[in-house]
$ cat run_38.csv   # CSV, C-alpha atoms
chain,number,residue,atom,x,y,z
F,1,MET,CA,11.9,-30.2,6.5
F,2,ASP,CA,15.5,-30.4,7.7
F,3,LYS,CA,17.6,-27.4,6.6
F,4,GLU,CA,20.8,-27.9,8.6
F,5,TRP,CA,22.6,-28.5,5.3
F,6,THR,CA,22.2,-24.9,4.3
F,7,LYS,CA,24.7,-24.0,7.0
F,8,LEU,CA,27.4,-26.3,5.6
F,9,PRO,CA,30.2,-25.1,3.2
F,10,TRP,CA,28.9,-24.6,-0.3
F,11,PHE,CA,31.5,-26.9,-1.8
F,12,SER,CA,30.5,-29.9,0.4
F,13,GLN,CA,28.7,-32.8,-1.1
F,14,GLU,CA,26.0,-32.6,1.6
F,15,TYR,CA,25.2,-29.0,0.6
F,16,ILE,CA,25.1,-29.8,-3.1
F,17,ASN,CA,22.7,-32.7,-2.4
F,18,GLY,CA,20.6,-30.4,-0.3
F,19,VAL,CA,20.4,-27.9,-3.2
F,20,THR,CA,19.2,-30.6,-5.5
F,21,GLN,CA,16.5,-31.6,-3.0
F,22,PHE,CA,15.5,-28.0,-2.6
F,23,LEU,CA,15.1,-27.6,-6.4
F,24,ASP,CA,13.1,-30.8,-6.7
F,25,PHE,CA,10.8,-29.4,-3.9
F,26,ALA,CA,10.5,-25.9,-5.4
F,27,PHE,CA,9.8,-27.0,-9.0
F,28,THR,CA,7.2,-29.5,-7.7
F,29,ASN,CA,5.4,-27.4,-5.1
F,30,GLY,CA,6.3,-23.8,-5.6
F,31,ARG,CA,5.0,-21.0,-7.8
F,32,SER,CA,6.4,-21.0,-11.3
F,33,GLN,CA,6.4,-19.2,-14.6
F,34,GLY,CA,7.0,-21.8,-17.2
F,35,ASP,CA,10.3,-23.5,-16.4
F,36,GLU,CA,11.3,-20.8,-13.9
F,37,VAL,CA,10.9,-20.2,-10.2
F,38,LEU,CA,12.0,-17.3,-7.9
F,39,CYS,CA,15.7,-17.5,-7.2
F,40,PRO,CA,16.7,-17.4,-3.5
F,41,TYR,CA,20.3,-16.5,-4.3
F,42,ALA,CA,21.8,-13.9,-2.0
F,43,LYS,CA,21.6,-11.1,-4.6
F,44,CYS,CA,18.4,-12.2,-6.4
F,45,LYS,CA,16.5,-12.3,-3.0
F,46,ASN,CA,13.4,-14.0,-4.5
F,47,LEU,CA,12.8,-11.1,-6.9
F,48,TYR,CA,13.9,-12.7,-10.2
F,49,TRP,CA,12.6,-15.8,-12.0
F,50,LYS,CA,15.4,-18.2,-13.1
F,51,THR,CA,15.7,-21.6,-14.6
F,52,ARG,CA,16.7,-24.7,-12.6
F,53,GLY,CA,20.3,-24.7,-13.9
F,54,ILE,CA,20.9,-21.0,-13.1
F,55,ILE,CA,19.5,-21.3,-9.6
F,56,LYS,CA,21.6,-24.3,-8.9
F,57,TYR,CA,24.7,-22.4,-10.1
F,58,HIS,CA,23.8,-19.4,-7.9
F,59,LEU,CA,23.2,-21.4,-4.8
F,60,ILE,CA,26.4,-23.4,-5.0
F,61,ALA,CA,28.5,-20.4,-5.9
F,62,LYS,CA,27.1,-17.9,-3.4
F,63,GLY,CA,24.5,-19.6,-1.2
F,64,PHE,CA,21.0,-18.7,0.0
F,65,VAL,CA,19.8,-15.2,0.9
F,66,LYS,CA,20.3,-14.5,4.6
F,67,GLY,CA,17.3,-15.5,6.7
F,68,HIS,CA,15.8,-17.8,4.0
F,69,GLU,CA,14.6,-20.4,6.5
F,70,VAL,CA,11.0,-20.8,5.4
F,71,TRP,CA,10.5,-21.5,1.7
F,72,LEU,CA,7.3,-19.5,1.3
F,73,HIS,CA,7.9,-18.8,-2.4
F,74,HIS,CA,8.7,-22.4,-3.1
F,75,GLY,CA,5.7,-24.3,-1.7
F,76,GLU,CA,6.4,-24.5,2.0
F,77,LYS,CA,3.5,-23.5,4.2
F,78,LEU,CA,4.0,-21.2,7.3
F,79,GLN,CA,2.1,-21.9,10.5
F,80,ARG,CA,1.2,-18.5,12.0
F,81,SER,CA,0.6,-17.7,15.6
F,82,MET,CA,-2.4,-15.6,16.5
F,83,GLU,CA,-0.8,-14.3,19.7
F,84,ILE,CA,0.0,-10.6,19.8
F,85,GLY,CA,3.7,-10.0,19.5
F,86,ALA,CA,4.4,-13.3,17.7
F,87,GLY,CA,6.8,-13.0,14.8
F,88,MET,CA,5.2,-12.6,11.4
F,89,GLU,CA,6.7,-13.6,8.0
F,90,ASP,CA,5.4,-12.5,4.6
F,91,GLN,CA,3.2,-14.9,2.7
F,92,GLU,CA,2.0,-14.8,-0.9
F,93,GLY,CA,-0.6,-16.6,-2.9
F,94,SER,CA,-4.2,-17.2,-2.2
F,95,HIS,CA,-3.6,-17.9,1.5
F,96,ASP,CA,-3.6,-14.3,2.6
F,97,ASP,CA,-2.5,-13.3,6.1
F,98,ILE,CA,-5.5,-11.1,6.8
F,99,PRO,CA,-5.3,-11.5,10.6
F,100,GLY,CA,-1.6,-10.4,10.4
F,101,LEU,CA,-2.6,-7.4,8.4
F,102,LEU,CA,-5.3,-6.4,10.8
F,103,HIS,CA,-2.9,-6.9,13.7
F,104,ASP,CA,-0.4,-4.5,12.2
F,105,ILE,CA,-3.0,-1.9,11.4
F,106,TYR,CA,-5.1,-1.8,14.6
F,107,VAL,CA,-3.8,-3.8,17.6
F,108,ASP,CA,-1.0,-1.5,18.7
F,109,ARG,CA,-3.3,1.6,18.4
F,110,ALA,CA,-6.1,-0.2,20.3
F,111,GLU,CA,-3.7,-1.1,23.1
F,112,GLU,CA,-2.3,2.4,23.3
F,113,HIS,CA,-5.7,4.1,23.5
F,114,ARG,CA,-7.6,1.5,25.6
F,115,VAL,CA,-10.0,3.0,28.0
F,116,HIS,CA,-12.1,1.3,30.8
F,117,GLU,CA,-15.5,2.3,29.5
F,118,GLY,CA,-15.2,0.2,26.3
F,119,PRO,CA,-13.3,-0.1,23.0
F,120,ASN,CA,-12.6,2.9,20.9
F,121,ASP,CA,-13.4,3.3,17.2
F,122,ASP,CA,-10.2,1.7,16.1
F,123,ALA,CA,-10.7,-1.3,18.4
F,124,ARG,CA,-14.3,-1.7,17.2
F,125,THR,CA,-13.2,-1.6,13.6
F,126,PHE,CA,-10.6,-4.2,14.3
F,127,TYR,CA,-13.0,-6.6,15.9
F,128,ASN,CA,-15.5,-6.3,13.1
F,129,LEU,CA,-12.9,-6.9,10.5
F,130,PHE,CA,-11.3,-9.7,12.5
F,131,LYS,CA,-14.8,-11.4,12.7
F,132,GLU,CA,-15.0,-11.2,8.9
F,133,ALA,CA,-11.5,-12.6,8.6
F,134,GLU,CA,-12.3,-15.6,10.7
F,135,GLN,CA,-15.7,-16.3,9.0
F,136,GLU,CA,-15.5,-19.2,6.4
F,137,LEU,CA,-16.3,-18.3,2.8
F,138,TYR,CA,-18.5,-21.4,2.8
F,139,PRO,CA,-18.8,-24.4,5.2
F,140,GLY,CA,-15.5,-26.3,5.1
F,141,CYS,CA,-13.5,-23.7,3.1
F,142,LYS,CA,-9.9,-23.5,4.3
F,143,ASP,CA,-8.2,-21.3,1.6
F,144,PHE,CA,-10.4,-18.2,1.9
F,145,SER,CA,-12.2,-16.2,4.5
F,146,THR,CA,-15.1,-13.8,3.7
F,147,LEU,CA,-12.8,-10.8,4.0
F,148,SER,CA,-9.9,-12.3,2.0
F,149,PHE,CA,-12.1,-13.4,-0.8
F,150,THR,CA,-13.9,-10.0,-0.9
F,151,ILE,CA,-10.5,-8.2,-1.1
F,152,ARG,CA,-9.4,-10.4,-4.0
F,153,LEU,CA,-12.7,-9.7,-5.8
F,154,CYS,CA,-12.2,-5.9,-5.4
F,155,LEU,CA,-8.6,-6.2,-6.7
F,156,LEU,CA,-9.9,-7.9,-9.8
F,157,LYS,CA,-12.5,-5.2,-10.2
F,158,TYR,CA,-10.0,-2.4,-10.1
F,159,LEU,CA,-7.4,-4.2,-12.2
F,160,HIS,CA,-9.9,-4.9,-15.0
F,161,VAL,CA,-11.9,-1.7,-14.7
F,162,TRP,CA,-15.3,-3.3,-13.9
F,163,SER,CA,-18.1,-1.0,-13.4
F,164,ASN,CA,-19.9,-0.9,-10.0
F,165,THR,CA,-23.1,-2.3,-11.6
F,166,SER,CA,-21.2,-5.2,-13.2
F,167,PHE,CA,-19.5,-6.0,-9.9
F,168,THR,CA,-22.8,-6.0,-8.1
F,169,ALA,CA,-24.2,-8.3,-10.8
F,170,LEU,CA,-21.3,-10.7,-10.3
F,171,LEU,CA,-21.9,-10.8,-6.6
F,172,GLU,CA,-25.6,-11.5,-7.1
F,173,LEU,CA,-24.8,-14.3,-9.6
F,174,LEU,CA,-22.3,-15.9,-7.2
F,175,LYS,CA,-24.8,-15.7,-4.4
F,176,GLU,CA,-27.6,-17.2,-6.6
F,177,ALA,CA,-25.4,-20.1,-7.7
F,178,MET,CA,-23.9,-20.8,-4.3
F,179,PRO,CA,-26.4,-19.8,-1.6
F,180,ASP,CA,-24.0,-20.8,1.2
F,181,LEU,CA,-21.3,-18.3,0.0
F,182,ASN,CA,-20.7,-15.6,2.7
F,183,ILE,CA,-20.1,-12.5,0.6
F,184,PRO,CA,-21.7,-9.0,0.4
F,185,VAL,CA,-24.6,-8.6,-1.9
F,186,SER,CA,-23.6,-5.3,-3.5
F,187,PHE,CA,-20.5,-3.2,-4.3
F,188,TYR,CA,-21.4,-0.6,-1.7
F,189,LYS,CA,-21.6,-3.2,1.1
F,190,THR,CA,-18.3,-4.6,-0.2
F,191,LYS,CA,-16.7,-1.1,-0.1
F,192,GLY,CA,-18.0,-0.6,3.5
F,193,MET,CA,-16.5,-3.9,4.6
F,194,ILE,CA,-13.0,-3.1,3.4
F,195,SER,CA,-12.9,0.6,4.1
F,196,GLY,CA,-11.5,-0.2,7.6
F,197,LEU,CA,-8.3,-1.4,6.0
F,198,GLY,CA,-7.3,2.2,5.5
F,199,LEU,CA,-7.4,2.0,1.7
F,200,ASP,CA,-10.0,4.7,1.3
F,201,TYR,CA,-9.7,8.4,0.3
F,202,LYS,CA,-11.0,11.7,1.7
F,203,LYS,CA,-13.3,13.9,-0.3
F,204,ILE,CA,-12.7,17.6,0.2
F,205,HIS,CA,-15.1,20.1,-1.4
F,206,ALA,CA,-13.5,22.9,-3.4
F,207,CYS,CA,-14.6,26.3,-4.8
F,208,PRO,CA,-15.7,25.8,-8.4
F,209,ASN,CA,-13.4,28.7,-9.3
F,210,ASN,CA,-10.4,27.1,-7.6
F,211,CYS,CA,-10.2,29.8,-4.9
F,212,MET,CA,-10.2,27.7,-1.7
F,213,LEU,CA,-10.9,24.3,-0.1
F,214,PHE,CA,-13.8,23.9,2.2
F,215,TRP,CA,-11.9,22.2,5.1
F,216,LYS,CA,-10.6,23.0,8.5
F,217,GLU,CA,-12.2,26.3,9.7
F,218,HIS,CA,-14.1,26.6,6.4
F,219,GLU,CA,-15.5,23.1,6.5
F,220,LYS,CA,-19.1,24.2,7.1
F,221,ASP,CA,-19.1,27.2,4.8
F,222,ASN,CA,-21.7,27.3,2.0
F,223,SER,CA,-19.9,29.8,-0.2
F,224,CYS,CA,-16.4,30.8,-1.2
F,225,THR,CA,-14.9,33.5,1.1
F,226,ILE,CA,-13.0,35.0,-1.9
F,227,CYS,CA,-15.3,34.9,-4.9
F,228,GLU,CA,-18.6,34.1,-3.0
F,229,ALA,CA,-19.4,31.3,-5.4
F,230,SER,CA,-21.8,28.7,-4.1
F,231,ARG,CA,-20.2,25.5,-2.7
F,232,TRP,CA,-23.1,23.5,-4.2
F,233,LYS,CA,-24.4,22.7,-7.7
F,234,GLN,CA,-27.7,24.3,-8.5
F,235,ASN,CA,-30.2,21.5,-8.4
F,236,ALA,CA,-33.8,21.9,-9.5
F,237,LEU,CA,-34.9,19.4,-6.9
F,238,THR,CA,-34.1,21.8,-4.1
F,239,GLU,CA,-35.9,24.8,-5.4
F,240,GLY,CA,-39.3,23.7,-4.1
F,241,CYS,CA,-38.0,22.5,-0.8
F,242,GLU,CA,-38.9,24.7,2.1
F,243,SER,CA,-36.9,23.3,4.9
F,244,GLU,CA,-33.1,23.5,5.1
F,245,GLN,CA,-32.8,19.8,6.0
F,246,SER,CA,-34.6,18.9,2.8
F,247,LYS,CA,-32.2,21.1,0.8
F,248,ASN,CA,-29.2,19.4,2.4
F,249,ASP,CA,-30.5,16.0,1.4
F,250,TYR,CA,-30.1,16.9,-2.3
F,251,ARG,CA,-27.0,19.0,-2.2
F,252,VAL,CA,-24.1,18.0,-4.5
F,253,PRO,CA,-20.7,19.7,-4.3
F,254,ALA,CA,-19.7,21.8,-7.3
F,255,LYS,CA,-16.2,20.5,-7.2
F,256,SER,CA,-14.4,17.9,-5.0
F,257,LEU,CA,-10.7,17.1,-4.3
F,258,ARG,CA,-9.9,13.4,-3.6
F,259,HIS,CA,-7.1,13.1,-1.1
F,260,PHE,CA,-5.4,9.7,-0.6
F,261,PRO,CA,-3.6,10.0,2.8
F,262,LEU,CA,0.1,9.4,2.5
F,263,ILE,CA,1.1,8.6,6.1
F,264,PRO,CA,-0.9,5.3,6.4
F,265,ARG,CA,0.7,4.0,3.1
F,266,LEU,CA,4.2,4.9,4.2
F,267,GLN,CA,3.5,3.0,7.5
F,268,ARG,CA,2.5,0.0,5.5
F,269,LEU,CA,5.8,-0.1,3.8
F,270,PHE,CA,7.4,-0.8,7.2
F,271,MET,CA,4.8,-3.5,8.1
F,272,CYS,CA,6.2,-5.9,5.6
F,273,SER,CA,9.7,-7.3,6.3
F,274,LYS,CA,10.6,-7.3,2.6
F,275,THR,CA,9.7,-3.7,1.8
F,276,ALA,CA,11.1,-2.6,5.2
F,277,GLU,CA,14.5,-4.0,4.1
F,278,SER,CA,14.1,-2.4,0.6
F,279,MET,CA,13.6,1.0,2.3
F,280,ARG,CA,17.3,0.9,3.4
F,281,TRP,CA,18.6,-0.1,0.0
F,282,HIS,CA,19.7,3.4,-1.0
F,283,GLU,CA,22.2,3.4,1.8
F,284,GLU,CA,23.1,-0.2,2.5
F,285,ASP,CA,23.0,-2.1,-0.8
F,286,ARG,CA,23.5,0.3,-3.7
F,287,SER,CA,26.8,0.6,-5.6
F,288,LYS,CA,28.9,3.5,-4.3
F,289,ASP,CA,31.4,3.8,-7.1
F,290,GLY,CA,30.7,7.5,-7.9
F,291,LYS,CA,28.6,6.8,-11.0
F,292,LEU,CA,25.2,8.4,-11.4
F,293,ARG,CA,22.8,5.4,-11.2
F,294,HIS,CA,20.3,6.6,-8.6
F,295,PRO,CA,18.9,9.9,-7.2
F,296,THR,CA,21.2,9.2,-4.2
F,297,ASP,CA,24.2,10.0,-6.4
F,298,ASP,CA,22.8,13.3,-7.5
F,299,LYS,CA,24.2,16.6,-6.1
F,300,ALA,CA,20.8,17.7,-4.8
F,301,TRP,CA,20.5,14.6,-2.6
F,302,LYS,CA,24.0,15.1,-1.3
F,303,ASP,CA,23.5,18.8,-0.6
F,304,PHE,CA,20.3,18.1,1.3
F,305,ASP,CA,22.2,15.5,3.5
F,306,GLU,CA,24.8,18.1,4.3
F,307,LEU,CA,22.1,20.6,5.4
F,308,HIS,CA,20.3,18.0,7.5
F,309,PRO,CA,22.9,15.5,8.9
F,310,ASP,CA,20.4,14.2,11.6
F,311,PHE,CA,18.0,13.3,8.9
F,312,SER,CA,20.5,11.6,6.6
F,313,SER,CA,22.0,9.6,9.5
F,314,GLU,CA,19.0,7.3,9.5
F,315,SER,CA,18.7,5.3,6.3
F,316,ARG,CA,15.0,4.5,6.9
F,317,ASN,CA,13.9,8.2,6.7
F,318,VAL,CA,11.7,8.4,3.6
F,319,ARG,CA,12.8,10.3,0.5
F,320,LEU,CA,9.9,11.1,-1.8
F,321,GLY,CA,9.5,12.3,-5.4
F,322,LEU,CA,6.4,14.2,-6.6
F,323,THR,CA,5.1,14.3,-10.1
F,324,SER,CA,1.9,15.6,-11.7
F,325,ASP,CA,0.1,15.5,-15.0
F,326,GLY,CA,-3.3,16.0,-16.5
F,327,PHE,CA,-5.3,13.5,-18.5
F,328,ASN,CA,-8.6,13.1,-20.2
F,329,PRO,CA,-10.7,10.6,-18.3
F,330,PHE,CA,-13.2,10.2,-21.1
F,331,ARG,CA,-10.8,8.6,-23.6
F,332,THR,CA,-11.7,11.0,-26.4
F,333,MET,CA,-9.8,13.8,-28.0
F,334,SER,CA,-13.0,15.6,-29.2
F,335,LEU,CA,-13.8,16.6,-25.6
F,336,SER,CA,-11.6,19.2,-23.9
F,337,HIS,CA,-11.3,18.1,-20.3
F,338,GLY,CA,-8.4,17.7,-18.0
F,339,THR,CA,-8.3,15.9,-14.6
F,340,TRP,CA,-5.0,16.3,-12.7
F,341,HIS,CA,-3.3,13.8,-10.5
F,342,PHE,CA,-0.3,13.9,-8.1
F,343,LEU,CA,1.9,10.8,-7.8
F,344,MET,CA,4.5,10.1,-5.1
F,345,MET,CA,7.5,7.8,-5.6
F,346,VAL,CA,9.6,6.5,-2.7
F,347,TYR,CA,13.3,6.8,-3.7
F,348,ASN,CA,14.6,4.7,-0.8
F,349,THR,CA,13.9,1.5,-2.7
F,350,PRO,CA,15.9,0.2,-5.7
F,351,PRO,CA,15.0,1.6,-9.1
F,352,TRP,CA,13.4,-1.7,-10.3
F,353,LEU,CA,10.9,-1.3,-7.4
F,354,SER,CA,10.3,2.4,-7.0
F,355,MET,CA,9.3,2.9,-10.7
F,356,LYS,CA,6.8,0.1,-10.7
F,357,HIS,CA,3.1,1.0,-10.5
F,358,GLU,CA,2.7,-1.1,-7.3
F,359,TYR,CA,5.0,1.3,-5.5
F,360,THR,CA,3.6,4.5,-7.0
F,361,MET,CA,1.2,6.3,-4.6
F,362,LEU,CA,-1.6,8.4,-5.9
F,363,SER,CA,-1.8,11.3,-3.5
F,364,LEU,CA,-4.3,13.8,-5.0
F,365,LEU,CA,-6.9,13.6,-7.8
F,366,ILE,CA,-8.2,17.0,-8.9
F,367,PRO,CA,-11.2,17.3,-11.3
F,368,GLY,CA,-11.3,19.5,-14.4
F,369,PRO,CA,-12.4,20.6,-16.8
F,370,LYS,CA,-9.8,23.4,-17.1
F,371,SER,CA,-6.1,23.6,-16.4
F,372,LEU,CA,-5.4,24.8,-12.9
F,373,GLY,CA,-2.4,27.1,-13.5
F,374,ASN,CA,-1.2,28.8,-10.4
F,375,ASP,CA,-4.4,27.7,-8.5
F,376,ILE,CA,-2.9,24.3,-8.2
F,377,ASP,CA,-1.4,25.5,-4.9
F,378,VAL,CA,-4.8,25.5,-3.4
F,379,TYR,CA,-5.2,21.8,-3.9
F,380,LEU,CA,-1.7,21.0,-2.6
F,381,GLN,CA,-2.6,22.0,1.0
F,382,PRO,CA,-3.6,18.6,2.3
F,383,LEU,CA,-0.4,17.0,0.9
F,384,ILE,CA,1.8,19.8,2.2
F,385,GLU,CA,0.3,19.5,5.7
F,386,GLU,CA,1.1,15.7,5.7
F,387,LEU,CA,4.7,16.3,4.7
F,388,LYS,CA,5.0,18.9,7.5
F,389,GLU,CA,3.6,16.4,10.0
F,390,LEU,CA,6.1,13.8,8.7
F,391,TRP,CA,9.0,16.2,9.2
F,392,GLU,CA,8.1,17.5,12.6
F,393,SER,CA,6.4,14.5,14.3
F,394,ASP,CA,7.7,11.2,15.7
F,395,ILE,CA,5.7,8.4,14.2
F,396,GLU,CA,5.8,4.9,15.8
F,397,THR,CA,5.8,2.4,13.0
F,398,TYR,CA,6.3,-1.4,13.3
F,399,ASP,CA,9.3,-2.4,11.3
F,400,SER,CA,9.2,-6.2,11.3
F,401,SER,CA,12.9,-6.5,10.5
F,402,LEU,CA,14.1,-4.3,13.4
F,403,ASN,CA,11.0,-3.9,15.6
F,404,GLN,CA,11.8,-0.4,16.9
F,405,THR,CA,10.5,3.1,16.9
F,406,PHE,CA,12.1,5.6,14.5
F,407,ARG,CA,11.6,9.1,13.2
F,408,MET,CA,10.0,9.0,9.8
F,409,CYS,CA,10.6,12.2,7.8
F,410,ALA,CA,10.0,13.1,4.2
F,411,THR,CA,11.5,15.4,1.7
F,412,ILE,CA,10.7,16.1,-2.0
F,413,LEU,CA,13.6,16.0,-4.4
$ encode --input "run_38.csv" --output "structure tokens"
Amino acid sequence: MDKEWTKLPWFSQEYINGVTQFLDFAFTNGRSQGDEVLCPYAKCKNLYWKTRGIIKYHLIAKGFVKGHEVWLHHGEKLQRSMEIGAGMEDQEGSHDDIPGLLHDIYVDRAEEHRVHEGPNDDARTFYNLFKEAEQELYPGCKDFSTLSFTIRLCLLKYLHVWSNTSFTALLELLKEAMPDLNIPVSFYKTKGMISGLGLDYKKIHACPNNCMLFWKEHEKDNSCTICEASRWKQNALTEGCESEQSKNDYRVPAKSLRHFPLIPRLQRLFMCSKTAESMRWHEEDRSKDGKLRHPTDDKAWKDFDELHPDFSSESRNVRLGLTSDGFNPFRTMSLSHGTWHFLMMVYNTPPWLSMKHEYTMLSLLIPGPKSLGNDIDVYLQPLIEELKELWESDIETYDSSLNQTFRMCATIL
């Protein structure tokens, strides 16, 4: 579709006619909410839903957002190149860019660590996932691949709190009704398929009395070095087992910390051109009139910038907020039980994004049943280690808007 008219003066009749054509196309082919579509006005930036009259007024008064050449939000399809290094735009809807996601996660690392004797673990994971991404969901299907459909099913499972058993039952029903459907047959096989996307967590065993974590040099210990409590639950099935191997088969940890790695999720913020641009909002787009509207305007933020001028000179360096609270996972007040979670918020983004649950990162999940008190420091060790690594190390991250290497650092305000 010809878009040369978008470069004409906003008051010209050709531009006004072009806006009318755009609106006709967007309201006919694009995503909508009632009588509203996303507004491509320079300040709305396809983030807000507006009516036809308001969008027309915005576009004639101020014009399109910079770089709005492909109308992805308004029904225009984007042809993607599968060549490494080709430019990638963001795409929404059911036509997920799974190959682009896999490219961002694995290709650069596979190229960097390539060896003559064969592909490394990252490369093998990439090729396996890419094979699933190219496989048709059923013969002739163009909208979904096996991997993209599986990811969408898992998203529904987590959003609507389906049990693992009900999810497996759904997969079995779909397979029974449509035998040609290329999907996993159980939840556990589904989980194994998408674990290579880096959306998994690490389980770290802990002392039942909250003394220490069984990791690093203590990873293979069977008892706490402080209180000597057993690492494992006492299981009647192991009492009659003579061999150590048989006992290991039935061992269940007394307590486990679930750690959701922070670094891969921060890297993903810079894999998407929209979120990469939002990561610079706190410096480039916010109002600087001296009023307290954002943590950037707070004295603590300014004092930190004065102490670390090298850090503050790069607007893409990550500023993190940390919060924690306990909750009862069993939804009943008659049972005294507290599970603790740690959440991370990215303060680089505008407030209407950073406070949404989509941009809130679960970092640690600590089981109960009792309050941790000062022992909470024991469980913070994996997170603190990641923050130190972010502060001290250079991390090469693909920023699709600038495409260059930068030093990503983190601080907690």
$ atom_distance --input "run_38.csv" --atom1 "CA of Leu343 in chain F" --atom2 "CA of Gly368 in chain F"
17.1 Å
$ residues_around --input "run_38.csv" --residues "Val346 in chain F" --least-positions-apart "3" --cutoff "8 Å" --atoms "all atoms listed in the file" --output "list in words"
Val318, Arg319, Leu320, Gly321, Thr349, Ser354, Tyr359 and Thr360 of chain F
$ residues_around --input "run_38.csv" --residues "range 372-381 of chain F" --least-positions-apart "6" --cutoff "8 Å" --atoms "only C-alpha atoms" --output "PyMOL selection string"
chain F and resi 210-213+257+366
$ write_last_selection --input "run_38.csv" --atoms "C-alpha atoms" --output "PDB file, in the coordinates of the input"
ATOM      1  CA  ASN F 210     -10.400  27.100  -7.600  1.00  0.00           C
ATOM      2  CA  CYS F 211     -10.200  29.800  -4.900  1.00  0.00           C
ATOM      3  CA  MET F 212     -10.200  27.700  -1.700  1.00  0.00           C
ATOM      4  CA  LEU F 213     -10.900  24.300  -0.100  1.00  0.00           C
ATOM      5  CA  LEU F 257     -10.700  17.100  -4.300  1.00  0.00           C
ATOM      6  CA  ILE F 366      -8.200  17.000  -8.900  1.00  0.00           C
TER       7      ILE F 366
END
$ closest_residue --input "run_38.csv" --among "F:Val65, F:Asp24, F:Glu284, F:Met361" --to "Lys7 in chain F" --atoms "all atoms listed in the file"
F:Val65
$ atom_distance --input "run_38.csv" --atom1 "CA of Ile16 in chain F" --atom2 "CA of Asp285 in chain F"
27.9 Å
$ closest_residue --input "run_38.csv" --among "F:Ser363, F:Ile226, F:Lys220, F:His294" --to "Pro264 in chain F" --atoms "all atoms listed in the file"
F:Ser363
$ closest_residue --input "run_38.csv" --among "F:Leu59, F:Cys224, F:Cys154, F:Leu23" --to "Cys207 in chain F" --atoms "only C-alpha atoms"
F:Cys224
$ atom_distance --input "run_38.csv" --atom1 "CA of Leu153 in chain F" --atom2 "CA of Ile183 in chain F"
10.2 Å
$ residues_around --input "run_38.csv" --residues "range 40-49 of chain F" --least-positions-apart "3" --cutoff "7 Å" --atoms "only C-alpha atoms" --output "list of chain:residue names"
F:Glu36, F:Val37, F:His58, F:Leu59, F:Lys62, F:Gly63, F:Phe64, F:Val65, F:Lys66
$ closest_residue --input "run_38.csv" --among "F:Phe167, F:Arg251, F:His282, F:Leu181" --to "Ser145 in chain F" --atoms "all atoms listed in the file"
F:Leu181
$ build_atoms --input "run_38.csv" --residues "range 367-378 of chain F" --atoms "N, CA and C atoms" --output "PDB file, in the coordinates of the input"
ATOM      1  N   PRO F 367     -10.333  17.276 -10.070  1.00  0.00           N
ATOM      2  CA  PRO F 367     -11.200  17.300 -11.300  1.00  0.00           C
ATOM      3  C   PRO F 367     -10.994  18.482 -12.137  1.00  0.00           C
ATOM      4  N   GLY F 368     -11.410  18.370 -13.392  1.00  0.00           N
ATOM      5  CA  GLY F 368     -11.300  19.500 -14.400  1.00  0.00           C
ATOM      6  C   GLY F 368     -12.517  20.373 -14.306  1.00  0.00           C
ATOM      7  N   PRO F 369     -12.855  20.961 -15.448  1.00  0.00           N
ATOM      8  CA  PRO F 369     -12.400  20.600 -16.800  1.00  0.00           C
ATOM      9  C   PRO F 369     -11.194  21.383 -17.297  1.00  0.00           C
ATOM     10  N   LYS F 370     -10.842  22.489 -16.612  1.00  0.00           N
ATOM     11  CA  LYS F 370      -9.800  23.400 -17.100  1.00  0.00           C
ATOM     12  C   LYS F 370      -8.500  23.198 -16.398  1.00  0.00           C
ATOM     13  N   SER F 371      -7.416  23.628 -17.046  1.00  0.00           N
ATOM     14  CA  SER F 371      -6.100  23.600 -16.400  1.00  0.00           C
ATOM     15  C   SER F 371      -6.092  24.513 -15.186  1.00  0.00           C
ATOM     16  N   LEU F 372      -5.393  24.097 -14.149  1.00  0.00           N
ATOM     17  CA  LEU F 372      -5.400  24.800 -12.900  1.00  0.00           C
ATOM     18  C   LEU F 372      -4.491  26.022 -12.846  1.00  0.00           C
ATOM     19  N   GLY F 373      -3.383  25.956 -13.575  1.00  0.00           N
ATOM     20  CA  GLY F 373      -2.400  27.100 -13.500  1.00  0.00           C
ATOM     21  C   GLY F 373      -1.856  27.255 -12.143  1.00  0.00           C
ATOM     22  N   ASN F 374      -1.749  28.518 -11.705  1.00  0.00           N
ATOM     23  CA  ASN F 374      -1.200  28.800 -10.400  1.00  0.00           C
ATOM     24  C   ASN F 374      -2.152  28.392  -9.250  1.00  0.00           C
ATOM     25  N   ASP F 375      -3.423  28.154  -9.564  1.00  0.00           N
ATOM     26  CA  ASP F 375      -4.400  27.700  -8.500  1.00  0.00           C
ATOM     27  C   ASP F 375      -4.127  26.330  -8.035  1.00  0.00           C
ATOM     28  N   ILE F 376      -3.179  25.648  -8.629  1.00  0.00           N
ATOM     29  CA  ILE F 376      -2.900  24.300  -8.200  1.00  0.00           C
ATOM     30  C   ILE F 376      -2.390  24.278  -6.730  1.00  0.00           C
ATOM     31  N   ASP F 377      -1.824  25.417  -6.267  1.00  0.00           N
ATOM     32  CA  ASP F 377      -1.400  25.500  -4.900  1.00  0.00           C
ATOM     33  C   ASP F 377      -2.487  25.282  -3.884  1.00  0.00           C
ATOM     34  N   VAL F 378      -3.701  25.683  -4.260  1.00  0.00           N
ATOM     35  CA  VAL F 378      -4.800  25.500  -3.400  1.00  0.00           C
ATOM     36  C   VAL F 378      -5.069  24.036  -3.055  1.00  0.00           C
TER      37      VAL F 378
END
